[in-house]
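Student: This is entry-v2.pdb, which holds PDB, C-alpha atoms:
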```pdb
ATOM      1  CA  MET A   1      89.398  95.767  78.221
ATOM      2  CA  ARG A   2      87.128  96.994  75.462
ATOM      3  CA  ASP A   3      86.889 100.707  74.709
ATOM      4  CA  ARG A   4      83.198 100.732  75.607
ATOM      5  CA  ASP A   5      84.002  99.397  79.097
ATOM      6  CA  MET A   6      86.698 102.009  79.510
ATOM      7  CA  GLU A   7      84.173 104.739  78.760
ATOM      8  CA  ASP A   8      81.684 103.437  81.308
ATOM      9  CA  GLN A   9      83.540 103.831  84.573
ATOM     10  CA  LEU A  10      82.337 104.145  88.135
ATOM     11  CA  VAL A  11      83.253 107.543  89.554
ATOM     12  CA  LEU A  12      83.385 107.874  93.334
ATOM     13  CA  TYR A  13      84.524 111.182  94.798
ATOM     14  CA  GLY A  14      86.274 112.046  91.555
ATOM     15  CA  LYS A  15      88.185 108.783  91.261
ATOM     16  CA  LYS A  16      87.421 106.459  88.346
ATOM     17  CA  PHE A  17      87.089 102.688  88.663
ATOM     18  CA  ALA A  18      86.788 100.153  85.855
ATOM     19  CA  SER A  19      85.103  97.634  88.170
ATOM     20  CA  ARG A  20      81.690  98.137  89.752
ATOM     21  CA  LEU A  21      82.154  95.483  92.391
ATOM     22  CA  LEU A  22      83.394  96.265  95.895
ATOM     23  CA  LEU A  23      84.570  93.284  97.948
ATOM     24  CA  GLY A  24      84.747  92.705 101.680
ATOM     25  CA  THR A  25      87.743  90.892 103.126
ATOM     26  CA  ALA A  26      86.121  89.077 106.074
ATOM     27  CA  ARG A  27      85.209  85.452 106.760
ATOM     28  CA  TYR A  28      87.477  83.740 104.243
ATOM     29  CA  GLU A  29      89.002  80.423 105.216
ATOM     30  CA  SER A  30      92.567  81.522 104.540
ATOM     31  CA  PRO A  31      94.633  84.444 103.251
ATOM     32  CA  HIS A  32      95.298  82.396 100.123
ATOM     33  CA  GLN A  33      91.570  82.030  99.488
ATOM     34  CA  LEU A  34      91.062  85.771  99.982
ATOM     35  CA  THR A  35      93.850  86.539  97.504
ATOM     36  CA  ASP A  36      92.330  84.251  94.882
ATOM     37  CA  ALA A  37      88.853  85.668  95.445
ATOM     38  CA  ILE A  38      90.170  89.192  94.931
ATOM     39  CA  SER A  39      91.784  88.119  91.671
ATOM     40  CA  ALA A  40      88.557  86.511  90.472
ATOM     41  CA  ALA A  41      86.277  89.387  91.532
ATOM     42  CA  ASP A  42      88.583  92.130  90.223
ATOM     43  CA  PRO A  43      87.019  94.646  92.640
ATOM     44  CA  ALA A  44      87.258  98.422  92.570
ATOM     45  CA  MET A  45      87.757  98.566  96.320
ATOM     46  CA  LEU A  46      88.416  96.287  99.263
ATOM     47  CA  THR A  47      86.673  96.973 102.543
ATOM     48  CA  VAL A  48      88.683  96.591 105.730
ATOM     49  CA  SER A  49      88.224  97.291 109.395
ATOM     50  CA  LEU A  50      90.319  97.907 112.495
ATOM     51  CA  ARG A  51      90.437  96.429 115.961
ATOM     52  CA  ARG A  52      92.491  96.733 119.121
ATOM     53  CA  GLN A  53      95.902  95.129 119.193
ATOM     54  CA  VAL A  54      95.758  91.750 120.921
ATOM     55  CA  SER A  55      98.317  91.633 123.713
ATOM     56  CA  GLY A  56     101.146  89.213 122.945
ATOM     57  CA  SER A  57     100.129  88.657 119.332
ATOM     58  CA  LYS A  58     103.090  88.385 116.985
ATOM     59  CA  ASP A  59     101.076  89.210 113.885
ATOM     60  CA  SER A  60      98.543  91.914 114.594
ATOM     61  CA  GLY A  61      97.341  92.529 111.093
ATOM     62  CA  GLN A  62     100.776  92.642 109.471
ATOM     63  CA  SER A  63     100.300  89.722 107.089
ATOM     64  CA  PHE A  64      96.758  90.844 106.273
ATOM     65  CA  TRP A  65      97.953  94.360 105.489
ATOM     66  CA  SER A  66     100.812  93.019 103.383
ATOM     67  CA  LEU A  67      98.334  90.905 101.405
ATOM     68  CA  LEU A  68      96.107  93.912 100.744
ATOM     69  CA  GLN A  69      98.989  96.096  99.625
ATOM     70  CA  LYS A  70     100.067  93.509  97.077
ATOM     71  CA  THR A  71      96.630  93.661  95.433
ATOM     72  CA  GLN A  72      97.097  97.408  94.755
ATOM     73  CA  ARG A  73      93.351  97.930  95.235
ATOM     74  CA  THR A  74      91.794 101.027  96.776
ATOM     75  CA  ILE A  75      91.198 100.441 100.483
ATOM     76  CA  LEU A  76      87.847 101.356 102.010
ATOM     77  CA  PRO A  77      87.915 101.266 105.822
ATOM     78  CA  ASN A  78      84.628 100.773 107.650
ATOM     79  CA  THR A  79      83.153 101.711 111.005
ATOM     80  CA  ALA A  80      81.553  98.294 111.454
ATOM     81  CA  GLY A  81      79.887  97.677 114.778
ATOM     82  CA  CYS A  82      79.637 101.315 115.827
ATOM     83  CA  LEU A  83      76.408 101.992 117.720
ATOM     84  CA  SER A  84      76.480 105.797 117.886
ATOM     85  CA  ALA A  85      77.523 108.769 115.787
ATOM     86  CA  HIS A  86      80.209 109.625 118.340
ATOM     87  CA  GLU A  87      81.735 106.146 118.180
ATOM     88  CA  ALA A  88      81.587 106.107 114.375
ATOM     89  CA  VAL A  89      83.315 109.485 114.073
ATOM     90  CA  ARG A  90      86.099 108.431 116.454
ATOM     91  CA  THR A  91      86.532 105.158 114.579
ATOM     92  CA  ALA A  92      86.635 106.953 111.221
ATOM     93  CA  CYS A  93      89.298 109.323 112.517
ATOM     94  CA  ILE A  94      91.572 106.553 113.746
ATOM     95  CA  ALA A  95      90.917 104.617 110.515
ATOM     96  CA  ARG A  96      92.149 107.627 108.549
ATOM     97  CA  GLU A  97      95.305 107.688 110.623
ATOM     98  CA  LEU A  98      95.831 103.940 110.214
ATOM     99  CA  PHE A  99      95.010 103.553 106.522
ATOM    100  CA  GLN A 100      95.992 107.053 105.351
ATOM    101  CA  THR A 101      92.795 107.604 103.351
ATOM    102  CA  ASN A 102      89.848 109.978 103.551
ATOM    103  CA  LEU A 103      87.497 107.275 102.308
ATOM    104  CA  ILE A 104      85.203 105.768 104.929
ATOM    105  CA  LYS A 105      82.368 103.289 104.717
ATOM    106  CA  LEU A 106      80.148 104.720 107.421
ATOM    107  CA  GLU A 107      78.149 102.262 109.485
ATOM    108  CA  VAL A 108      76.071 103.328 112.472
ATOM    109  CA  ILE A 109      74.058 100.335 113.592
ATOM    110  CA  GLY A 110      70.677 100.961 115.168
ATOM    111  CA  ASP A 111      69.427  97.460 115.884
ATOM    112  CA  ASP A 112      71.421  94.452 117.004
ATOM    113  CA  GLN A 113      68.956  91.947 115.539
ATOM    114  CA  ASN A 114      68.906  93.003 111.885
ATOM    115  CA  LEU A 115      71.933  95.331 111.981
ATOM    116  CA  GLN A 116      69.764  98.041 110.441
ATOM    117  CA  PRO A 117      71.429 101.450 110.064
ATOM    118  CA  ASP A 118      70.468 104.088 112.635
ATOM    119  CA  PRO A 119      69.254 106.864 110.309
ATOM    120  CA  PHE A 120      69.579 109.616 112.914
ATOM    121  CA  GLY A 121      73.093 108.643 113.979
ATOM    122  CA  LEU A 122      74.063 108.131 110.358
ATOM    123  CA  VAL A 123      73.126 111.660 109.297
ATOM    124  CA  GLU A 124      74.789 113.137 112.394
ATOM    125  CA  ALA A 125      78.014 111.206 111.804
ATOM    126  CA  ALA A 126      78.064 111.880 108.047
ATOM    127  CA  THR A 127      77.620 115.607 108.632
ATOM    128  CA  LYS A 128      80.548 115.712 111.071
ATOM    129  CA  LEU A 129      82.838 113.548 108.957
ATOM    130  CA  ILE A 130      82.293 115.545 105.780
ATOM    131  CA  LYS A 131      83.206 118.701 107.687
ATOM    132  CA  LEU A 132      86.385 116.895 108.736
ATOM    133  CA  GLY A 133      87.261 116.245 105.092
ATOM    134  CA  PHE A 134      86.168 112.617 104.824
ATOM    135  CA  GLN A 135      84.762 111.051 101.680
ATOM    136  CA  VAL A 136      81.806 109.253 103.184
ATOM    137  CA  LEU A 137      80.125 106.166 101.744
ATOM    138  CA  PRO A 138      77.181 105.636 104.098
ATOM    139  CA  TYR A 139      75.602 102.224 104.601
ATOM    140  CA  CYS A 140      71.923 103.194 104.657
ATOM    141  CA  THR A 141      68.453 101.927 103.927
ATOM    142  CA  GLU A 142      66.397 102.672 100.818
ATOM    143  CA  ASP A 143      64.364 105.290 102.753
ATOM    144  CA  TRP A 144      64.113 108.310 100.463
ATOM    145  CA  VAL A 145      64.121 110.970 103.179
ATOM    146  CA  LEU A 146      67.183 109.442 104.830
ATOM    147  CA  CYS A 147      68.984 109.337 101.485
ATOM    148  CA  ARG A 148      68.042 112.946 100.814
ATOM    149  CA  ARG A 149      69.387 114.008 104.203
ATOM    150  CA  LEU A 150      72.642 112.198 103.511
ATOM    151  CA  MET A 151      72.963 113.943 100.152
ATOM    152  CA  ASP A 152      72.198 117.273 101.852
ATOM    153  CA  ALA A 153      74.993 116.507 104.323
ATOM    154  CA  GLY A 154      77.401 116.222 101.392
ATOM    155  CA  CYS A 155      77.600 112.498 100.707
ATOM    156  CA  GLU A 156      78.507 111.967  97.046
ATOM    157  CA  VAL A 157      77.763 108.226  97.180
ATOM    158  CA  LEU A 158      74.991 106.269  98.916
ATOM    159  CA  MET A 159      75.038 102.594  99.796
ATOM    160  CA  PRO A 160      71.510 101.347 100.491
ATOM    161  CA  TRP A 161      71.034  97.796 101.716
ATOM    162  CA  ALA A 162      69.279  95.103  99.732
ATOM    163  CA  ALA A 163      68.545  93.165 102.927
ATOM    164  CA  PRO A 164      70.135  92.847 106.385
ATOM    165  CA  ILE A 165      73.888  92.217 106.484
ATOM    166  CA  GLY A 166      74.928  88.648 105.891
ATOM    167  CA  THR A 167      71.454  87.297 105.126
ATOM    168  CA  GLY A 168      71.827  86.750 101.383
ATOM    169  CA  GLN A 169      68.115  87.401 100.903
ATOM    170  CA  GLY A 170      68.522  89.683  97.905
ATOM    171  CA  PRO A 171      66.514  92.894  97.396
ATOM    172  CA  ARG A 172      63.652  92.855  99.923
ATOM    173  CA  ASN A 173      62.054  96.122  98.870
ATOM    174  CA  ALA A 174      62.405  96.311  95.129
ATOM    175  CA  PRO A 175      59.824  99.102  94.542
ATOM    176  CA  ALA A 176      61.514 101.423  97.046
ATOM    177  CA  LEU A 177      64.980 100.704  95.669
ATOM    178  CA  ARG A 178      63.818 101.430  92.123
ATOM    179  CA  GLU A 179      62.060 104.583  93.264
ATOM    180  CA  LEU A 180      65.274 105.697  94.964
ATOM    181  CA  ARG A 181      67.152 105.177  91.702
ATOM    182  CA  GLN A 182      64.576 107.242  89.827
ATOM    183  CA  ARG A 183      64.514 110.080  92.356
ATOM    184  CA  ALA A 184      68.290 110.258  92.722
ATOM    185  CA  PRO A 185      69.414 109.692  89.142
ATOM    186  CA  HIS A 186      72.830 111.318  89.328
ATOM    187  CA  ILE A 187      74.422 110.212  92.605
ATOM    188  CA  PRO A 188      76.273 106.876  92.548
ATOM    189  CA  LEU A 189      74.185 104.237  94.351
ATOM    190  CA  ILE A 190      75.927 101.067  95.476
ATOM    191  CA  ILE A 191      73.899  98.199  96.882
ATOM    192  CA  ASP A 192      75.562  97.169 100.121
ATOM    193  CA  ALA A 193      74.528  94.150 102.186
ATOM    194  CA  GLY A 194      71.981  91.401 101.738
ATOM    195  CA  ILE A 195      73.040  90.204  98.298
ATOM    196  CA  GLY A 196      73.258  86.412  98.173
ATOM    197  CA  LEU A 197      73.372  85.392  94.531
ATOM    198  CA  PRO A 198      74.883  86.701  91.318
ATOM    199  CA  SER A 199      71.318  87.018  90.007
ATOM    200  CA  HIS A 200      70.579  89.498  92.825
ATOM    201  CA  ALA A 201      73.599  91.556  91.795
ATOM    202  CA  CYS A 202      72.638  91.384  88.139
ATOM    203  CA  GLN A 203      69.075  92.419  89.002
ATOM    204  CA  VAL A 204      70.010  95.593  90.856
ATOM    205  CA  MET A 205      72.537  96.515  88.182
ATOM    206  CA  GLU A 206      69.782  96.104  85.569
ATOM    207  CA  TRP A 207      67.739  98.588  87.624
ATOM    208  CA  GLY A 208      70.495 101.130  87.142
ATOM    209  CA  PHE A 209      72.402 100.889  90.399
ATOM    210  CA  ASP A 210      76.036 101.821  89.975
ATOM    211  CA  GLY A 211      77.704  99.026  91.880
ATOM    212  CA  VAL A 212      77.460  96.233  94.408
ATOM    213  CA  LEU A 213      79.360  95.653  97.642
ATOM    214  CA  LEU A 214      79.691  92.006  98.658
ATOM    215  CA  ASN A 215      81.335  90.003 101.372
ATOM    216  CA  THR A 216      79.451  87.042 102.841
ATOM    217  CA  ALA A 217      77.927  86.018  99.506
ATOM    218  CA  VAL A 218      81.447  85.312  98.300
ATOM    219  CA  SER A 219      83.351  84.297 101.427
ATOM    220  CA  ARG A 220      80.710  81.855 102.708
ATOM    221  CA  ALA A 221      80.022  80.232  99.343
ATOM    222  CA  PHE A 222      81.069  76.610  98.931
ATOM    223  CA  ASP A 223      83.738  77.758  96.480
ATOM    224  CA  PRO A 224      84.416  81.456  97.184
ATOM    225  CA  VAL A 225      86.831  81.910  94.303
ATOM    226  CA  ARG A 226      84.392  80.526  91.750
ATOM    227  CA  MET A 227      81.593  82.594  93.280
ATOM    228  CA  ALA A 228      83.723  85.739  93.139
ATOM    229  CA  GLY A 229      84.120  85.214  89.405
ATOM    230  CA  ALA A 230      80.397  84.578  89.004
ATOM    231  CA  PHE A 231      79.598  87.862  90.753
ATOM    232  CA  ALA A 232      82.062  89.739  88.573
ATOM    233  CA  GLN A 233      80.303  88.441  85.460
ATOM    234  CA  ALA A 234      76.857  89.162  86.912
ATOM    235  CA  VAL A 235      77.726  92.764  87.727
ATOM    236  CA  ARG A 236      79.088  93.316  84.230
ATOM    237  CA  ALA A 237      76.046  91.645  82.656
ATOM    238  CA  GLY A 238      73.626  93.724  84.713
ATOM    239  CA  ARG A 239      75.426  96.933  83.856
ATOM    240  CA  SER A 240      75.463  96.080  80.142
ATOM    241  CA  ALA A 241      71.765  95.232  80.289
ATOM    242  CA  PHE A 242      70.987  98.588  81.922
ATOM    243  CA  LEU A 243      73.002 100.465  79.315
ATOM    244  CA  GLY A 244      71.433  98.320  76.590
ATOM    245  CA  GLY A 245      67.978  99.556  77.601
ATOM    246  CA  PRO A 246      65.549  96.733  78.377
ATOM    247  CA  MET A 247      62.456  96.299  76.242
ATOM    248  CA  THR A 248      59.061  97.474  77.469
ATOM    249  CA  VAL A 249      57.041  94.730  79.138
ATOM    250  CA  GLN A 250      53.833  93.890  77.211
ATOM    251  CA  GLU A 251      50.513  92.682  78.574
ATOM    252  CA  MET A 252      49.817  90.397  75.590
ATOM    253  CA  ALA A 253      51.947  88.050  73.553
ATOM    254  CA  VAL A 254      53.682  89.602  70.557
ATOM    255  CA  SER A 255      55.053  87.237  67.950
ATOM    256  CA  SER A 256      58.676  87.868  67.185
ATOM    257  CA  THR A 257      58.642  85.864  63.933
ATOM    258  CA  PRO A 258      57.009  87.606  60.942
ATOM    259  CA  GLU A 259      53.467  86.372  60.216
ATOM    260  CA  ILE A 260      53.590  87.159  56.504
ATOM    261  CA  GLY A 261      54.586  84.261  54.286
ATOM    262  CA  ARG A 262      53.961  81.478  56.796
ATOM    263  CA  PRO A 263      53.671  78.204  54.779
ATOM    264  CA  PHE A 264      50.605  75.962  55.002
ATOM    265  CA  ALA A 265      48.607  78.835  56.410
ATOM    266  CA  SER A 266      45.318  79.355  54.612
ATOM    267  CA  ASP A 267      41.688  79.934  55.378
ATOM    268  CA  CYS A 268      41.060  76.271  54.422
ATOM    269  CA  SER A 269      43.043  74.984  57.403
ATOM    270  CA  SER A 270      40.074  75.533  59.675
ATOM    271  CA  GLN A 271      37.898  73.321  57.421
ATOM    272  CA  LEU A 272      39.967  70.166  57.858
ATOM    273  CA  PRO A 273      38.035  67.251  59.351
ATOM    274  CA  PRO A 274      38.797  66.523  62.989
ATOM    275  CA  ALA A 275      41.395  63.826  63.624
ATOM    276  CA  ALA A 276      40.010  60.375  64.217
TER     277      ALA A 276
ATOM    278  CA  MET B   1     100.843 104.935 137.707
ATOM    279  CA  PHE B   2      97.983 103.022 136.177
ATOM    280  CA  VAL B   3      96.753 103.626 132.636
ATOM    281  CA  ILE B   4      94.099 101.875 130.571
ATOM    282  CA  LEU B   5      95.595 100.287 127.476
ATOM    283  CA  ASN B   6      93.067  98.815 125.048
ATOM    284  CA  GLY B   7      90.565  98.482 127.850
ATOM    285  CA  ALA B   8      92.927  96.760 130.313
ATOM    286  CA  THR B   9      94.612  98.422 133.260
ATOM    287  CA  ILE B  10      98.418  98.305 133.235
ATOM    288  CA  HIS B  11     101.064  99.704 135.547
ATOM    289  CA  LEU B  12     103.717 102.076 134.222
ATOM    290  CA  ALA B  13     106.670 103.852 135.810
ATOM    291  CA  GLU B  14     106.238 107.619 135.826
ATOM    292  CA  PRO B  15     106.628 109.809 133.878
ATOM    293  CA  GLN B  16     105.936 108.370 130.442
ATOM    294  CA  THR B  17     105.621 109.668 126.936
ATOM    295  CA  LEU B  18     103.510 107.838 124.398
ATOM    296  CA  ALA B  19     106.713 107.098 122.477
ATOM    297  CA  ALA B  20     108.198 105.406 125.571
ATOM    298  CA  LEU B  21     105.058 103.349 126.057
ATOM    299  CA  LEU B  22     105.201 102.195 122.429
ATOM    300  CA  VAL B  23     108.840 101.156 122.854
ATOM    301  CA  LEU B  24     107.787  99.178 125.910
ATOM    302  CA  ILE B  25     104.972  97.237 124.317
ATOM    303  CA  ALA B  26     106.402  97.199 120.762
ATOM    304  CA  PRO B  27     103.196  96.856 118.732
ATOM    305  CA  PRO B  28     103.885  95.413 115.270
ATOM    306  CA  PRO B  29     103.195  97.943 112.500
ATOM    307  CA  PRO B  30     100.984  99.132 111.011
ATOM    308  CA  PHE B  31      99.080 100.633 113.918
ATOM    309  CA  ALA B  32      97.389 103.861 114.964
ATOM    310  CA  VAL B  33      97.022 105.326 118.415
ATOM    311  CA  ALA B  34      94.349 107.266 120.268
ATOM    312  CA  HIS B  35      95.065 108.975 123.595
ATOM    313  CA  ASN B  36      91.977 109.833 125.653
ATOM    314  CA  GLU B  37      89.926 109.428 122.445
ATOM    315  CA  GLU B  38      92.117 111.899 120.549
ATOM    316  CA  ILE B  39      93.915 110.520 117.502
ATOM    317  CA  VAL B  40      97.671 110.945 117.818
ATOM    318  CA  PRO B  41      99.342 111.587 114.455
ATOM    319  CA  ARG B  42     102.439 109.595 113.595
ATOM    320  CA  GLY B  43     105.550 111.498 114.446
ATOM    321  CA  THR B  44     104.055 113.201 117.491
ATOM    322  CA  TYR B  45     104.307 110.323 119.967
ATOM    323  CA  GLU B  46     107.345 111.788 121.736
ATOM    324  CA  ALA B  47     105.529 114.997 122.583
ATOM    325  CA  ARG B  48     102.520 113.247 124.063
ATOM    326  CA  LEU B  49     102.704 112.852 127.870
ATOM    327  CA  ILE B  50     100.707 110.144 129.593
ATOM    328  CA  SER B  51      99.112 110.836 132.966
ATOM    329  CA  PRO B  52      97.603 108.457 135.545
ATOM    330  CA  GLY B  53      94.224 107.137 134.467
ATOM    331  CA  ASP B  54      94.701 108.017 130.816
ATOM    332  CA  ARG B  55      93.201 105.777 128.154
ATOM    333  CA  VAL B  56      95.344 104.587 125.246
ATOM    334  CA  GLU B  57      93.975 102.674 122.276
ATOM    335  CA  ILE B  58      96.245 100.949 119.763
ATOM    336  CA  VAL B  59      94.521  99.536 116.691
ATOM    337  CA  HIS B  60      95.610  97.503 113.702
ATOM    338  CA  PRO B  61      94.038  96.502 110.364
ATOM    339  CA  THR B  62      91.691  93.582 110.297
ATOM    340  CA  ALA B  63      89.324  92.002 107.815
ATOM    341  CA  GLY B  64      86.001  93.728 107.325
ATOM    342  CA  GLY B  65      82.960  93.825 105.123
TER     343      GLY B  65
END
```
Using the file provided, produce a representation of the structure as structure tokens.
Tutor:
Amino acid sequence: MRDRDMEDQLVLYGKKFASRLLLGTARYESPHQLTDAISAADPAMLTVSLRRQVSGSKDSGQSFWSLLQKTQRTILPNTAGCLSAHEAVRTACIARELFQTNLIKLEVIGDDQNLQPDPFGLVEAATKLIKLGFQVLPYCTEDWVLCRRLMDAGCEVLMPWAAPIGTGQGPRNAPALRELRQRAPHIPLIIDAGIGLPSHACQVMEWGFDGVLLNTAVSRAFDPVRMAGAFAQAVRAGRSAFLGGPMTVQEMAVSSTPEIGRPFASDCSSQLPPAA
Amino acid sequence: MFVILNGATIHLAEPQTLAALLVLIAPPPPFAVAHNEEIVPRGTYEARLISPGDRVEIVHPTAGG
């Protein structure tokens, strides 16, 4: 890794990460495919979930957990599917016991059609969890007041959606996302959900977002391993472009090649007879 | 007595500790346990008594986004 990349690290709750990509572990065709996708994406964190033990099952998450441990990545448990602050807090607490981490990707779903976060439940749950010592990464919308409330509650990272979970639509509300970046310049902002293409990831990174969390865009691609690598490159390219400082957009054309010294250019050229 | 284990009603001989219940059903590790919605830390299963009608949740890691 180059020195410049080492200097530009993602810092989440005091921990530094060289990668700015967070990867979900769901919907892969096989454990082998998941392992290869993790290698290709080189993610900072892997998101995981928890479910009830299935009666009679011989392998209730053992092989999956073994696979994750071998990757040596930071584990980020989620509260996926929780429909209330109470349920999310309980789920976060048992996730902490299971995974032995204070990190939690907080999801409180408010609508079963678009899986939109419930802003009221989200703030309530985040407030309680931070008091319990959790390091909360809330899955939220780009709504500025919601984000401000979450920061007031003590969240040191925000994860606004680009579009509803699993849709792959890319950023649906670009002006609001960019405004959020401008109004909250110091808190890490990770785009979570709705990314479908590496170009979407590159775009939001160019806008100055700090990272991208992906799952379906990789796992449901025709070739998830190849797509994982493409996303890794896109995130790096977008980050480099942001740090590089894009040019200012101009209304009119501006020649990039010097005008002075152009051969065959003279005032006489306009006096040539028209072509037959 | 009857208790609710992961949403299903099961019959247990009385009295029971959580540790005894876990020996009985032998969940493969890793797992975590909640008793009446309270998280039970590892190492405290023996001290936790189960009463009729109690709810026990045993969870394990799974894939997530």
Student: Please provide as a PyMOL selection string all residues within 10 Å of Ala8 of chain B, with the sequence filter that same-chain residues fewer than 4 positions apart are discarded (counting all atoms listed in the file).
Tutor: (chain A and resi 55) or (chain B and resi 2-4+55-56)
Student: Between B:Gly7, B:Thr17, B:Gly65, B:Pro41, which residue has the minimum interatomic distance to Ile165 of chain A, considering only C-alpha atoms?
Tutor: B:Gly65
Student: So which residues get picked by the PyMOL selection byres ((chain A) within 7 of (chain B)) here, written as a ChimeraX atom specification?
Tutor: /A:24-26,47-53,59-62,65,93-94,97-98,215
Student: Taking into account all atoms listed in the file, which residue in the set A:Gly261, A:Pro31, A:Gly14, A:Gly208 is nearest to Pro185 of chain A?
Tutor: A:Gly208
Student: Evaluate the PyMOL selection byres ((chain A and resi 105) around 8) here and jot the selected residues down as a PyMOL selection string.
Tutor: chain A and resi 47+76-79+103-104+106-107+136-139
Student: To test your reading of the syntax: which residues would the PyMOL selection byres ((chain A and resi 39) around 12) return for the file shown? Reply as a list of chain:residue names.
Tutor: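 This file gives the following for the PyMOL selection byres ((chain A and resi 39) around 12): A:Leu23, A:His32, A:Gln33, A:Leu34, A:Thr35, A:Asp36, A:Ala37, A:Ile38, A:Ala40, A:Ala41, A:Asp42, A:Pro43, A:Ala44, A:Leu46, A:Leu68, A:Lys70, A:Thr71, A:Gln72, A:Arg73, A:Pro224, A:Val225, A:Arg226, A:Met227, A:Ala228, A:Gly229, A:Ala232.
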Student: How many Å lie between atom CA of Glu124 of chain A and atom CA of Cys155 of chain A, rounded to one decimal?
Tutor: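 One can read the atom CA of Glu124 of chain A to atom CA of Cys155 of chain A distance as 12.0 Å.
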Student: Nearest to Gln116 of chain A among A:Gly194, A:Pro246, A:Pro188, A:Gly170, with distances taken over all atoms listed in the file: which residue is it?
Tutor: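 Closest to Gln116 of chain A of all the choices is A:Gly194.
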Student: Compile the contact shell of segment 11-16 of chain B as a list in words: residues with an atom at most 10 Å away, counting all atoms listed in the file, same-chain residues fewer than 2 positions apart removed.
Tutor: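 Surrounding residues, per the criterion: Met1, Phe2, Val3, Ile4, Leu5, Thr9, Leu18, Ala19, Ala20, Leu21, Leu24, Glu46, Arg48, Leu49, Ile50, Ser51 and Pro52 of chain B.
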